[in-house]
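Structure record follows, encoded as structure tokens.
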Amino acid sequence: MSNELKNTEFFENVVTMIEKAHSFIGRTVDVTKCITYFEIGRRIVEEEQAGDARAKYGDKLLLELSMYLTQRVGKGFSVTNLKYARKFYQVYASEKGQALSDPLVGKRISKKSQALPDLFGGEKNLSIEGLPFTLSWSHYLVLMRIKNDDERRFYEIEATEQQWDYRFLQRQYNSSLYERLALSRNKEEVKKLANKGQEISKPSDLLKNPLSLEFLGLESHPNYSESDLEQALIDNLQKFLLELGKGFLFEARQKRFTFDEDHFRVDLVFYNRLLRCYVIIDLKTEKIKHQDLGQMLMYVNYFDRYVKTDKEEPTIGILLCKEKNDSVVEMTLPENSNIYASEYNLYLPDKETLQRKLAEWAEEFEEQQELLALGKSDDENGE
């Protein structure tokens, strides 16, 4: 091996070590900051409960504490931040409090000074896994404002696993990702969203109702064409991949194939590495028609017969349309066709409307379950 190659390898090893150190230090600072604010919030709440019950006592306490901390330890402890700390504790006390009472937490945090020797030595990987907070304080400023416990847990899991920065977390919340995923699932799967985040194990797990494409900036252009929509998606491909969800890889646009001397083009071709299959998307700027579904069925059949390998799963077809018609889809396509119609919006959906729809959907589901239970009970009594 040449000296130049050896030097390059050595330089890269040093770079990798430094990057790991920076990453670890950053995460440790985030966790420490969250735990500090949580403990400040806890002490404020306990002091308020022990003191005068009037609200004015709390306001005076925070003001005096803010002045004292600013004088003693510097910036970062304004009245506003102290109110956030109190809210942080109130929101997460039952969920994180027990984990923080674990004596091992203190030991893990106290070891942060040993992080660099461990990383330099390369023999140990000091881990902060198992600590109660997995994100930065900026993330939790977004999360603590979410009132629904299930929804808040979902966003915390997704932000942690997908490494969202807090701005993208805010965007996903504003785009009502939780509600859109929930409306595409049954009740048991909705429960899993809160406990495990979005899991991709079958084609229907990819669906959102609807897709939010506000980042395209097409809302002010009412006469945009399918070509305009396609070009806008390509120009914003990274954001589109994030909106599509986990595991998507882009392969081609206007993918051409030919048989019997006729030429056909698929608007967008993706591959999902989690499902190990092709996902082909056709764009429609109007209400979906049965002809559109028939065309997509042909595209999916072609990919299954001539493109995918034996080790890959069947191709998924998605018609991304301005307006879908579930009855037309059901009557046109054979069962288990692996083809779906999904609506898109060019603006952020109204969260209250989606929450209302989700509540109505949950109520209807409960009524159906009760009717099924009554029917089963009648059958058993009849026997």
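Labels for the structure tokens follow display order: chains A, B, ..., residues from 1 in each chain, ligands from 1.
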request  = Show which residues sit within 9 Å of segment 253-268 of chain A, as a ChimeraX atom specification. Count only C-alpha atoms, and ignore same-chain residues fewer than 4 positions away.
outcome  = /A:230,234,279-283,296,299,302
Selected residues, N, CA and C atoms, written as a PDB file, in the first residue's frame, please.
ATOM      1  N   GLU A 230     -45.659  17.167 -12.170  1.00  0.00           N
ATOM      2  CA  GLU A 230     -44.507  16.250 -12.194  1.00  0.00           C
ATOM      3  C   GLU A 230     -43.200  17.017 -12.056  1.00  0.00           C
ATOM      4  N   ILE A 234     -40.328  16.801  -9.070  1.00  0.00           N
ATOM      5  CA  ILE A 234     -38.912  16.517  -9.333  1.00  0.00           C
ATOM      6  C   ILE A 234     -38.034  17.634  -8.770  1.00  0.00           C
ATOM      7  N   VAL A 279     -42.540   0.892  -6.571  1.00  0.00           N
ATOM      8  CA  VAL A 279     -43.756   1.682  -6.337  1.00  0.00           C
ATOM      9  C   VAL A 279     -43.852   2.671  -7.494  1.00  0.00           C
ATOM     10  N   ILE A 280     -44.863   2.493  -8.332  1.00  0.00           N
ATOM     11  CA  ILE A 280     -45.016   3.377  -9.490  1.00  0.00           C
ATOM     12  C   ILE A 280     -46.182   4.327  -9.243  1.00  0.00           C
ATOM     13  N   ILE A 281     -45.974   5.584  -9.601  1.00  0.00           N
ATOM     14  CA  ILE A 281     -46.954   6.633  -9.324  1.00  0.00           C
ATOM     15  C   ILE A 281     -47.370   7.303 -10.619  1.00  0.00           C
ATOM     16  N   ASP A 282     -48.670   7.406 -10.816  1.00  0.00           N
ATOM     17  CA  ASP A 282     -49.226   8.139 -11.947  1.00  0.00           C
ATOM     18  C   ASP A 282     -49.948   9.367 -11.402  1.00  0.00           C
ATOM     19  N   LEU A 283     -49.754  10.501 -12.034  1.00  0.00           N
ATOM     20  CA  LEU A 283     -50.284  11.764 -11.535  1.00  0.00           C
ATOM     21  C   LEU A 283     -51.553  12.165 -12.280  1.00  0.00           C
ATOM     22  N   MET A 296     -53.258   1.951 -14.867  1.00  0.00           N
ATOM     23  CA  MET A 296     -52.322   1.616 -13.790  1.00  0.00           C
ATOM     24  C   MET A 296     -52.217   0.105 -13.611  1.00  0.00           C
ATOM     25  N   TYR A 299     -49.753  -1.076 -16.056  1.00  0.00           N
ATOM     26  CA  TYR A 299     -48.392  -0.726 -15.656  1.00  0.00           C
ATOM     27  C   TYR A 299     -47.869  -1.706 -14.596  1.00  0.00           C
ATOM     28  N   TYR A 302     -47.103  -5.095 -16.031  1.00  0.00           N
ATOM     29  CA  TYR A 302     -45.868  -5.079 -16.816  1.00  0.00           C
ATOM     30  C   TYR A 302     -44.649  -5.174 -15.892  1.00  0.00           C
TER      31      TYR A 302
END
request  = Would you kindly return, as a ChimeraX atom specification, each protein, DNA or RNA residue with an atom no farther than 12 Å from any atom of Asn301 of chain A, considering only C-alpha atoms and excluding same-chain residues fewer than 6 positions away?
outcome  = /A:278,280,294-295,307-308,314-317,337-339
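Atom CA of Tyr37 of chain A is found 8.4 Å from atom CA of Tyr84 of chain A.
Of the listed residues (A:Gln291, A:Val29, A:Leu143, A:Phe215), A:Gln291 comes nearest to Thr332 of chain A; the distances count only C-alpha atoms.
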inquiry  = So that I can see what lies close to Tyr89 of chain A, please list as a ChimeraX atom specification the residues with an atom at most 6 Å from it, counting only C-alpha atoms and leaving out residues fewer than 5 positions away in the same chain.
reply    = /A:38,41-42
inquiry  = Please compute the atom CA of Ser136 of chain A-atom CA of Gly197 of chain A distance, one decimal, in Å.
reply    = 18.6 Å
If you run DSSP on the backbone, which residues of segment 238-326 of chain A are alpha helix (DSSP H), as a PDB file with C-alpha atoms, in the first residue's frame?
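Resulting contents of part.pdb:
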ATOM      1  CA  GLN A 238     -36.104  15.519  -1.371  1.00  0.00           C
ATOM      2  CA  LYS A 239     -39.215  17.024   0.245  1.00  0.00           C
ATOM      3  CA  PHE A 240     -41.449  14.695  -1.779  1.00  0.00           C
ATOM      4  CA  LEU A 241     -39.485  11.646  -0.594  1.00  0.00           C
ATOM      5  CA  LEU A 242     -39.886  12.792   2.999  1.00  0.00           C
ATOM      6  CA  GLU A 243     -43.631  13.220   2.479  1.00  0.00           C
ATOM      7  CA  LEU A 244     -43.942   9.782   0.874  1.00  0.00           C
ATOM      8  CA  HIS A 290     -61.947   4.036 -14.236  1.00  0.00           C
ATOM      9  CA  GLN A 291     -59.722   4.377 -17.322  1.00  0.00           C
ATOM     10  CA  ASP A 292     -56.931   5.687 -15.083  1.00  0.00           C
ATOM     11  CA  LEU A 293     -57.226   2.615 -12.888  1.00  0.00           C
ATOM     12  CA  GLY A 294     -57.175   0.279 -15.889  1.00  0.00           C
ATOM     13  CA  GLN A 295     -54.025   1.957 -17.169  1.00  0.00           C
ATOM     14  CA  MET A 296     -52.322   1.616 -13.790  1.00  0.00           C
ATOM     15  CA  LEU A 297     -53.294  -2.068 -13.660  1.00  0.00           C
ATOM     16  CA  MET A 298     -51.480  -2.564 -16.960  1.00  0.00           C
ATOM     17  CA  TYR A 299     -48.392  -0.726 -15.656  1.00  0.00           C
ATOM     18  CA  VAL A 300     -48.299  -2.883 -12.509  1.00  0.00           C
ATOM     19  CA  ASN A 301     -48.717  -6.096 -14.512  1.00  0.00           C
ATOM     20  CA  TYR A 302     -45.868  -5.079 -16.816  1.00  0.00           C
ATOM     21  CA  PHE A 303     -43.484  -4.379 -13.920  1.00  0.00           C
ATOM     22  CA  ASP A 304     -44.412  -7.635 -12.188  1.00  0.00           C
ATOM     23  CA  ARG A 305     -43.827  -9.695 -15.325  1.00  0.00           C
ATOM     24  CA  TYR A 306     -40.818  -7.994 -16.897  1.00  0.00           C
ATOM     25  CA  ASP A 326     -63.539   4.872  -3.527  1.00  0.00           C
TER      26      ASP A 326
END
request  = Find the residue from A:Tyr155, A:Tyr347, A:Phe88, A:Phe133 that sits nearest to Ile40 of chain A; use only C-alpha atoms when measuring.
outcome  = A:Phe88
inquiry  = For a quick check of understanding, using only C-alpha atoms, which of A:Leu141, A:Ala362, A:Leu320, A:Leu354 has the smallest distance to Leu213 of chain A?
reply    = A:Leu320
